[in-house]
Each structure stands twice: as C-alpha cells, then as structure tokens.
Protein chains: 2
Amino acid sequence: MSSLAVLHASQLITLAGPPRARFGKELGDLGIIPDGGLVVADGKITHVGKTPEIEKLCQHDTEVVNARGCVVLPGFVDAHTHLVFAGSRLEDFESRARGETYEQVAKRGGGIQTTVQATRAATEDDLFALAKKRASWFLQNGTTTIEAKSGYGLTLKDELKILRVIRRVGAETPLETVPTFLGAHAFPPEFRENHVEYISLIIDKMLPAIGHEKLAEYCDIFCEQNYFDVENSRRILTAAKQYGLKLRMHVDQLTNGGGAQLAAELEAITADHLEQTAADGITALAKTGVQPVLLPGSVYALGSKKYPDARRMIDTGLAVVLATDFNPGSSPSPSMPMMLSLAVTQMRMSPAEAITAATVNAAASLDRLDIIGSLEQGKLANFAIYDCHDYREVAYWFGVSLIRDVFVQGQKNPLNARS
Amino acid sequence: MSSLAVLHASQLITLAGPPRARFGKELGDLGIIPDGGLVVADGKITHVGKTPEIEKLCQHDTEVVNARGCVVLPGFVDAHTHLVFAGSRLEDFESRARGETYEQVAKRGGGIQTTVQATRAATEDDLFALAKKRASWFLQNGTTTIEAKSGYGLTLKDELKILRVIRRVGAETPLETVPTFLGAHAFPPEFRENHVEYISLIIDKMLPAIGHEKLAEYCDIFCEQNYFDVENSRRILTAAKQYGLKLRMHVDQLTNGGGAQLAAELEAITADHLEQTAADGITALAKTGVQPVLLPGSVYALGSKKYPDARRMIDTGLAVVLATDFNPGSSPSPSMPMMLSLAVTQMRMSPAEAITAATVNAAASLDRLDIIGSLEQGKLANFAIYDCHDYREVAYWFGVSLIRDVFVQGQKNPLNARS
C-alpha cells in the first residue's frame with residue numbers, strides 16, 4: 001500500500017495520550033489540531049501535525065485526501081455489543097409501547113428466549129450473513145472496532161458457534177472484533193429449574209473449550225438478582241480467570257445489588273450498565289480502577305428515565321467508556337454518534353468527554369491502546385471524516401449521519417470496496 | 001418522463017384513506033400490501049397493487065425498480081420545522097450539559113437571540129446555501145415535504161428574507177416546502193421593553209406585506225407566558241386570519257397556560273408541542289378537531305423527561321401528527337425515523353400510529369391530503385424504499401439509516417442527481 005495523506009481538516013481530533021476522566025474547556029484536552037493532517041503508510045499513521053508540515057512529507061505518489069471544512073476523528077471503539085443473533089424482537093418492541101415492562105415481556109416467553117431459540121436454529125453461515133450486514137452499519141457510522149459477546153446460544157455448541165462468527169467478522173470484514181464469552185447471559189429454558197447444573201456446564205465445559213480454542217479474550221456475566229447473583233458470579237468469573245480470560249461484567253442494570261463492588265473485588269477490566277449504582281459502588285470502582293462502560297442506548301430504548309450517574313463517575317476520576325450495547329432486545333442501534341447525543345443530552349457529559357469515552361477510553365478498556373483509540377504515530381490508520389466544522393456537531397445533530405468517509409488501516413470506505 | 005414501476009416490496013405501506021387516530025393490530029390499518037408494487041407516470045402514482053397486477057401494466061419502456069426484501073413507505077411529511085437560520089448554537093448545547101436550563105441560556109443572552117443576530121446578518125443567498133444542505137438531510141432521511149417557519153428575523157425585512165428562502169428551497173430543490181410566518185416567535189432585543197410596539201409591527205406591517213406577497217400559507221405564534229400571552233396571541237392570530245393565513249400555534253411547551261384552549265377557540269389547524277397540556281386542553285382540541293403536532297425531538301434534546309400525552313390524545317380520537325421541530329436550539333434533527341423511535345420508546349405510540357402521524361395525518365394538517373401523505377392513485381409519487389422486511393423496523397433501529405432510495409415525483413434520489 002502506497003502512502004496516503006489527509007490535509008486541511010478544520011479540526012483533527014487526535015485524542016493523543018492516556019485514557020482520562022475530567023475535562024476543562026481547553027482545546028488541548030482532545031488534542032485538537034486546527035488545519036490538521038496526517039500521513040499513512042502500510043495501514044499505520046506515520047505522522048500527525050499541521051497541514052503545512054504534513055504537506056512537506058507528501059511524495060509524488062502520495063494519495064491526498066482533502067478534508068477542508070471537515071472534522072477528523074479516530075474510529076470509534078464500541079466496547080459493548082451483542083453483534084451476533086438471529087430472529088426478530090419486533091413483537092417485544094411493539095408490546096413495550098403498549099406498556100409491558102422488560103420483566104413482563106420475559107415472563108410471557110418473549111425477551112431473550114426468543115433470540116436464543118432463533119440463534120440456536122441458525123447455522124454459522126446464517127449468523128455470519130446477518131453479522132456482516134451489521135458490521136457495515138457500524139462502519140458506516142464511524143466505528144472501526146467493536147467488542148462482541150456471545151450469550152444467545154447458551155449451549156456449548158451454540159456459544160462456540162457465535163464466538164466463531166465473531167472471529168470470522170473480524171477476519172473477513174474491515175471491522176475489528178474483540179470476542180467476549182457471555183455464557184452467563186441468562187439461564188436457558190432447559191435449565192430454568194436447575195441453575196446449579198447450568199453453572200456447572202459453564203465452568204466445566206464451556207470455559208475449558210473456549211480457553212482451549214482461544215475463542216474469547218474476555219468473560220462477561222449478567223450479574224443480577226434472579227439471574228446470576230453475586231455469589232454465582234464470583235464462582236464463574238474466578239473460574240474464567242483461570243483460563244486466561246479477562247473480565248467484563250453486566251452489573252446493577254435492574255437493581256443496585258453489589259455488582260459494582262464485585263467488579264472491584266475481582267479486578268474486572270470493566271463494569272457495564274451501572275444504571276442503579278450508587279455512590280459507594282462508584283467509589284469501589286475508582287479504588288481498583290475498573291472502567292465504567294455506560295450504555296445509554298438501552299436506557300433510552302427501554303423507555304427508562306434512569307441513566308447511570310456519569311457525572312459522579314467522571315468527577316470521581318473514572319475513565320468512563322460509552323458503548324452502544326447493540327442488541328435486539330434493548331438497544332437496536334449500532335451508532336456511536338447517537339450514543340454521544342444521548343450522553344450529552346441525557347447524562348450531562350460534555351461533547352469532549354463523550355468523544356473521549358467513545359475512543360481512547362474505550363480502546364484502553366479493550367487493552368488495545370497501543371494500536372487504536374487515537375490518531376498518533378504508529379497506531380492503525382482508523383479514522384473518519386465528518387462533514388462539519390466543529391467536533392461538537394457529531395454529538396449535536398442527531399438522527400442524521402455527518403460521515404463523509406471512513407478509513408480502516410488507511411483504506412477508504414473498505415466495506416463498499418469489498419461488497 | 002416515461003413510466004416507472006416498483007415491484008416486489010415485502011410490504012408496500014399505502015396509508016390509503018383519511019387521517020386517523022386509533023389503531024388495532026390489523027394489517028389493514030396501514031393499508032399494507034404484501035408483495036406490493038406501484039406504477040408512476042408523469043410524477044404521479046397511476047396504480048397501486050399486488051406485484052402480479054402491477055407487472056401486467058408494465059410496458060417495454062417501463063423502468064422497473066425491484067424492491068424485493070424491502071419496505072416502501074410514502075415520503076414523510078414533516079409538519080413543523082424551522083429550516084432557515086444562520087449561526088451556531090453549539091455553546092448552548094454544551095452549556096446545557098453543564099446544567100443550564102433553556103431559560104437560563106436565554107437570560108445570559110444565548111438562545112434564540114444568537115440565532116436571530118446571525119440570521120439577520122446573513123444574506124438571502126447565505127441562508128439559501130445553508131437551507132439547501134439541510135434539504136438534502138431531510139430527503140436522505142425519507143422526508144419529501146416539510147413545513148418551514150420564519151421567526152429568526154423579527155424585522156419586516158428579515159422575516160420576508162427567510163420566507164423567500166423557504167419558497168426558493170421549494171422551487172429549486174426536490175424538497176417541497178410549506179411556508180409559515182412566525183414573526184411572533186420571540187420579542188427581538190430592540191423591543192424587549194416595548195412589547196406593544198412589536199405586536200403592532202407584526203399586525204400593521206408584517207402581516208400585510210406577507211399577505212400581499214403571498215409568502216406564507218400559515219401564521220404561527222409562540223403562545224406562552226412572558227412571550228406572547230393568550231390575549232396578545234388572540235389579537236395577532238385574529239389579524240392573520242384576515243390576510244387569509246391559516247393558523248398553527250406553539251402552545252403549552254413550558255407551562256399549561258391555556259394555549260390548547262385558544263387553538264380550539266380560534267379553530268387553528270394545529271396546536272404544536274403540548275408537553276404541558278392536561279386533559280381539559282386535549283378535550284378542547286378534540287371538540288374543534290385541531291390536530292396536535294407532537295415534537296419529541298425537542299423534549300429529548302433539551303433533556304426533559306416530560307413528553308406530551310400522546311396516548312390520551314390518540315385515545316380521545318385526535319389525528320396526531322409527529323414532526324421534527326428541526327431547529328438549532330432545541331431539536332437539531334431532520335430525521336423522521338428518529339422521531340418514530342422517540343414516539344414509540346418515549347411516548348408509547350405504536351409503530352403504526354407513529355408512521356400514520358408522520359405521513360397521512362401530517363399531510364392533512366398541511367391541507368395537502370389530495371396530493372401527498374399516502375400511496376394512492378393520483379397522488380405524487382413521493383416515497384422511499386427501506387432495506388428491511390417489516391415496517392416496524394423503521395422505528396426500531398435507531399441512529400442508523402435503512403433508506404435505500406428516495407423518490408420525489410418518481411425521480412430517484414433527485415438531490416444526488418442535481419448536485
């Protein structure tokens with residue numbers, strides 16, 4: 001691949017530096033370069049700077065991209081998705097509008113079990129075709145890396161099938177995927193009366209197989225009363241660590257049940273959701289440096305009014321992460337710009353805080369800060385060009401895409417090129 | 001223009017018939033034709049039906065569009081927008097995240113006055129260039145007709161300038177515009193201490209000039225304590241009627257101040273916002289058949305939790321309308337699919353009710369039911385093809401566009417073709 005240069009961005013938002021919590025109003029916070037540019041060679045960023053400096057580095061065969069009047073941001077890193085599933089949850093969507101709660105939907109046999117049934121019935125190729133289309137949605141909206149969880153199979157065979165699809169999306173599409181095992185997403189119907197046995201299945205069969213095949217980097221769990229309680233979560237996650245899996249956890253989504261404290265105790269990398277977490281839970285996360293992953297899309301789509309307390313987390317010094325929670329039941333959105341809008345309008349995060357949470361902080365939470373999350377020399381040339389002058393517009397206009405072009409490892413709109 | 005046929009839509013959603021309120025679960029409510037198609041000649045729909053019938057009508061030179069696996073909807077009709085303005089409200093956006101209220105922003109000199117100042121300073125050509133870009137956003141999101149209000153000029157000259165820009169967008173882009181005069185949007189700074197004189201300016205100078213030039217079809221007002229109260233609203237709107245203007249009204253957005261009752265008294269065509277309207281106001285609207293125009297985008301973007309009581313309005317038999325309220329201060333979104341999402345998730349409207357509110361009911365509120373709002377013989381061939389199997393998906397997936405193609409008077413993606 002020959003070299004490529006981007007020139008004349010109104011604002012090149014580098015996000016250079018470590019993950020971070022609080023922000024003032026200074027330009028420096030986001031590492032903004034006015035009239036900025038960068039050079040790419042072999043898929044990586046070789047230089048970042050002001051346009052005049054970058055222009056001097058261009059050679060006769062350098063492909064030049066003019067970003068005049070535009071903002072350039074690093075590719076979004078979406079650190080919490082449920083990418084792979086089959087079936088439809090439109091009935092649940094409609095019934096919630098008629099007043100059914102999430103729990104009521106689940107009780108009448110809707111909810112996650114619908115998705116589990118359809119996902120079990122689907123072949124690996126079926127699931128890959130669905131996931132590939134969704135990968136294009138993520139890319140079109142400026143996301144270049146996603147974490148993706150299993151958790152709609154809930155048998156050894158079906159969990160492995162989903163994890164293989166996640167790997168295949170990473171290998172066969174331009175979207176990078178980071179796989180997480182979430183066998184403890186719910187109790188499957190055949191174990192409804194026998195939770196102990198399903199937990200044994202996870203610990204004795206699923207974890208060893210996944211460890212053996214190296215199909216996941218992380219293990220996650222739905223830690224919640226009536227699902228996987230604190231004690232069982234501790235057992236499963238302690239076992240997961242023995243197979244080299246790092247921990248992410250769904251905690252305190254429905255009730256404030258000590259999930260944040262458990263995440264701190266187990267030194268999980270992230271604690272996700274946190275809608276019900278109170279001050280003591282936030283303090284516990286801060287003590288151990290667990291990163292909060294906030295998922296405003298699911299609060300919004302469930303019609304709940306209770307967003308996680310992002311302001312307290314940021315003010316406590318936590319490097320907050322924003323993610324879509326992309327899933328069919330509670331957050332059917334692949335759009336990080338939509339999450340930025342929700343973060344600013346519903347959680348009182350500043351646009352700068354929201355963009356940081358969606359890039360550099362998210363990359364840190366996936367242990368990939370060396371290669372993604374900011375526009376710095378040596379990192380992958382994953383970025384998007386937005387048709388606006390000010391980075392805040394990416395969070396401000398909602399329901400409309402400002403994206404002009406997306407680059408993955410220096411390749412422009414790679415999905416269009418391949419498909 | 002030669003003829004065009006659309007074939008094999010999974011669901012062709014006709015919305016045939018009159019405006020309507022309540023819905024059951026039957027397919028018939030939306031006039032859904034499975035494996036549907038339509039024929040277009042000279043920009044108008046000549047036939048609508050099942051694909052086999054439509055195929056028989058195709059001639060050798062008919063251009064065929066295959067919509068297999070897709071949903072076809074009428075072009076959205078956005079019955080409340082503030083399309084034309086200059087300047088930026090990003091500072092307000094950011095300061096609201098820091099906790100400032102809409103009223104506090106206005107008091108420190110931010111808010112609408114920022115936009116008025118910038119809009120006055122802009123030339124007609126400046127404003128047209130901005131509006132033309134926004135017109136492309138509306139079209140890309142499936143909207144083919146918008147109502148557009150003046151109201152950021154607040155002098156005779158500047159209000160006329162804005163109305164001319166609205167007319168020009170309608171004439172020079174594929175987006176149809178319906179102009180509304182909103183001189184009574186706010187008191188301009190030079191009349192802050194002299195409201196009586198500004199009201200006289202509206203009645204004695206602005207209304208006659210607009211009536212003379214036929215620059216508006218509707219007159220609107222911001223009816224609210226400390227803005228235009230009920231008594232002054234009555235005076236202005238009664239004068240407007242004498243110039244042949246029909247009435248739309250901003251009512252009960254901030255307080256429940258009798259605005260809905262005034263709309264009923266004056267036989268306004270629509271009462272818009274209605275966030276604070278209680279049961280008696282809704283009853284008043286129903287008695288006179290005033291259509292409620294609900295604007296969930298501004299509730300969302302202001303971070304408010306109080307949405308209008310859509311369920312009560314629908315259950316009372318009102319033909320509710322959904323619109324974007326596109327504007328820089330409180331609803332920076334041109335996306336009707338986003339409004340459908342808000343309607344279902346935040347206001348408990350069903351997807352069918354939301355789509356009806358965004359098409360046929362909205363067309364009725366703009367007195368254009370003879371030419372737009374549904375897919376019926378004789379109407380304009382304004383429609384969009386969505387890459388999904390079920391119409392509910394248009395409201396379900398959020399922050400991502402499912403639109404494959406938009407047709408205006410039978411022309412495919414006309415803005416791309418022109419620009």
# chains A, B, ... in the order shown; residues from 1 in each chain; ligands from 1

$ select_by_dssp --residues "region 74-145 of chain B" --states "strand (DSSP E)" --output "ChimeraX atom specification"
/B:74,76-78,143-145

$ residues_around --residues "Asp280 (chain A)" --least-positions-apart "5" --cutoff "9 Å" --atoms "only C-alpha atoms" --output "MDAnalysis selection string"
chainID A and resid 260:261 285

$ write_last_selection --atoms "C-alpha atoms" --output "mmCIF file, in the first residue's frame"
data_model
loop_
_atom_site.group_PDB
_atom_site.id
_atom_site.type_symbol
_atom_site.label_atom_id
_atom_site.label_comp_id
_atom_site.auth_asym_id
_atom_site.auth_seq_id
_atom_site.Cartn_x
_atom_site.Cartn_y
_atom_site.Cartn_z
ATOM 1 C CA ALA A 260 -20.007 -2.809 41.126
ATOM 2 C CA GLN A 261 -18.349 -3.930 44.349
ATOM 3 C CA LEU A 285 -14.757 1.073 41.029
#

$ residues_around --residues "Phe181 (chain A)" --least-positions-apart "5" --cutoff "6 Å" --atoms "only C-alpha atoms" --output "mmCIF file with N, CA and C atoms, in the first residue's frame"
data_model
loop_
_atom_site.group_PDB
_atom_site.id
_atom_site.type_symbol
_atom_site.label_atom_id
_atom_site.label_comp_id
_atom_site.auth_asym_id
_atom_site.auth_seq_id
_atom_site.Cartn_x
_atom_site.Cartn_y
_atom_site.Cartn_z
ATOM 1 N N LYS A 149 -20.056 -9.959 22.105
ATOM 2 C CA LYS A 149 -20.271 -11.001 23.105
ATOM 3 C C LYS A 149 -21.069 -12.163 22.525
ATOM 4 N N SER A 150 -20.806 -13.351 22.999
ATOM 5 C CA SER A 150 -21.720 -14.468 22.765
ATOM 6 C C SER A 150 -22.887 -14.291 23.744
ATOM 7 N N ALA A 216 -12.103 -16.449 22.956
ATOM 8 C CA ALA A 216 -12.516 -15.209 23.620
ATOM 9 C C ALA A 216 -11.346 -14.591 24.368
ATOM 10 N N CYS A 219 -14.336 -12.663 29.571
ATOM 11 C CA CYS A 219 -15.540 -13.339 30.029
ATOM 12 C C CYS A 219 -16.439 -12.292 30.685
#

$ closest_residue --among "B:Leu302, B:Val196, B:Ile166, B:Ala184" --to "chain A" --atoms "only C-alpha atoms"
B:Leu302

$ interface_residues --of "chain A" --to "chain B" --cutoff "9 Å" --atoms "only C-alpha atoms" --output "number ranges by chain"
A: 90, 93-99, 137-138, 140-141, 300-305, 328, 331-339, 341-342, 344-351, 390, 392-393, 396-401

$ select_by_dssp --residues "region 260-397 of chain A" --states "helix (DSSP H, G or I)" --output "VMD selection string"
chain A and resid 260 to 265 279 to 288 296 to 301 310 to 315 336 to 347 351 to 357 360 to 365 393 to 396

$ residues_around --residues "Glu267 (chain A)" --least-positions-apart "5" --cutoff "10 Å" --atoms "only C-alpha atoms" --output "ChimeraX atom specification"
/A:246-248,261-262,285,288-290

$ residues_around --residues "Tyr227 (chain B)" --least-positions-apart "6" --cutoff "12 Å" --atoms "only C-alpha atoms" --output "list of chain:residue names"
B:Glu103, B:Ala184, B:His185, B:Ala186, B:Phe187, B:Pro188, B:Phe191, B:Arg192, B:His195, B:Val196, B:Tyr198, B:Ile199, B:Ile221, B:Ser233, B:His250, B:Val251, B:Asp252, B:Gln253, B:Leu254, B:Thr255, B:Gly257

$ write_last_selection --atoms "C-alpha atoms" --output "short mmCIF file (atom, residue, chain, number, x, y, z; two decimals), in the first residue's frame"
data_model
loop_
_atom_site.label_atom_id
_atom_site.label_comp_id
_atom_site.auth_asym_id
_atom_site.auth_seq_id
_atom_site.Cartn_x
_atom_site.Cartn_y
_atom_site.Cartn_z
CA GLU B 103 -34.46 29.79 30.36
CA ALA B 184 -44.28 36.18 16.87
CA HIS B 185 -41.54 33.68 17.74
CA ALA B 186 -39.91 35.91 20.38
CA PHE B 187 -39.56 39.60 21.15
CA PRO B 188 -36.42 40.92 19.45
CA PHE B 191 -38.39 45.65 21.55
CA ARG B 192 -37.56 43.92 24.82
CA HIS B 195 -43.80 44.51 23.51
CA VAL B 196 -46.83 46.52 22.43
CA TYR B 198 -43.51 44.85 18.32
CA ILE B 199 -47.02 43.42 18.25
CA ILE B 221 -47.08 32.10 17.26
CA SER B 233 -51.84 35.68 20.70
CA HIS B 250 -46.77 26.71 19.55
CA VAL B 251 -48.68 26.05 22.78
CA ASP B 252 -48.11 24.72 26.29
CA GLN B 253 -44.42 23.89 25.76
CA LEU B 254 -43.17 25.37 29.04
CA THR B 255 -46.38 25.85 31.01
CA GLY B 257 -51.27 28.25 30.03
#

$ closest_residue --among "B:Ile112, B:Cys70, B:Ile54, B:Leu7" --to "Cys388 (chain B)" --atoms "only C-alpha atoms"
B:Cys70

$ residues_around --residues "Asp220 (chain A)" --least-positions-apart "6" --cutoff "12 Å" --atoms "only C-alpha atoms" --output "PyMOL selection string"
chain A and resi 80-82+147-151+179-186+202+207+228+233-234+236-241+245-251+263+268-272

$ residues_around --residues "Tyr152 (chain A)" --least-positions-apart "4" --cutoff "7 Å" --atoms "only C-alpha atoms" --output "VMD selection string"
chain A and resid 85 115 to 116 119

$ write_last_selection --atoms "N, CA, C and O atoms" --output "compact mmCIF listing (two decimals), in the first residue's frame"
# COMPACT_ATOMS: atom_id res chain seq x y z
N PHE A 85 -26.75 -12.50 16.51
CA PHE A 85 -28.02 -13.10 16.92
C PHE A 85 -28.87 -13.27 15.67
O PHE A 85 -28.64 -12.65 14.65
N THR A 115 -34.70 -14.80 21.16
CA THR A 115 -33.44 -14.66 20.43
C THR A 115 -32.59 -15.92 20.57
O THR A 115 -31.93 -16.34 19.61
N VAL A 116 -32.61 -16.52 21.76
CA VAL A 116 -31.83 -17.75 21.97
C VAL A 116 -32.34 -18.85 21.04
O VAL A 116 -31.55 -19.53 20.36
N THR A 119 -31.34 -18.11 17.47
CA THR A 119 -29.89 -18.17 17.27
C THR A 119 -29.42 -19.62 17.28
O THR A 119 -28.54 -20.00 16.51

$ closest_residue --among "A:Ala135, A:Val299, A:Val105, A:Ala279" --to "Thr177 (chain A)" --atoms "only C-alpha atoms"
A:Ala135
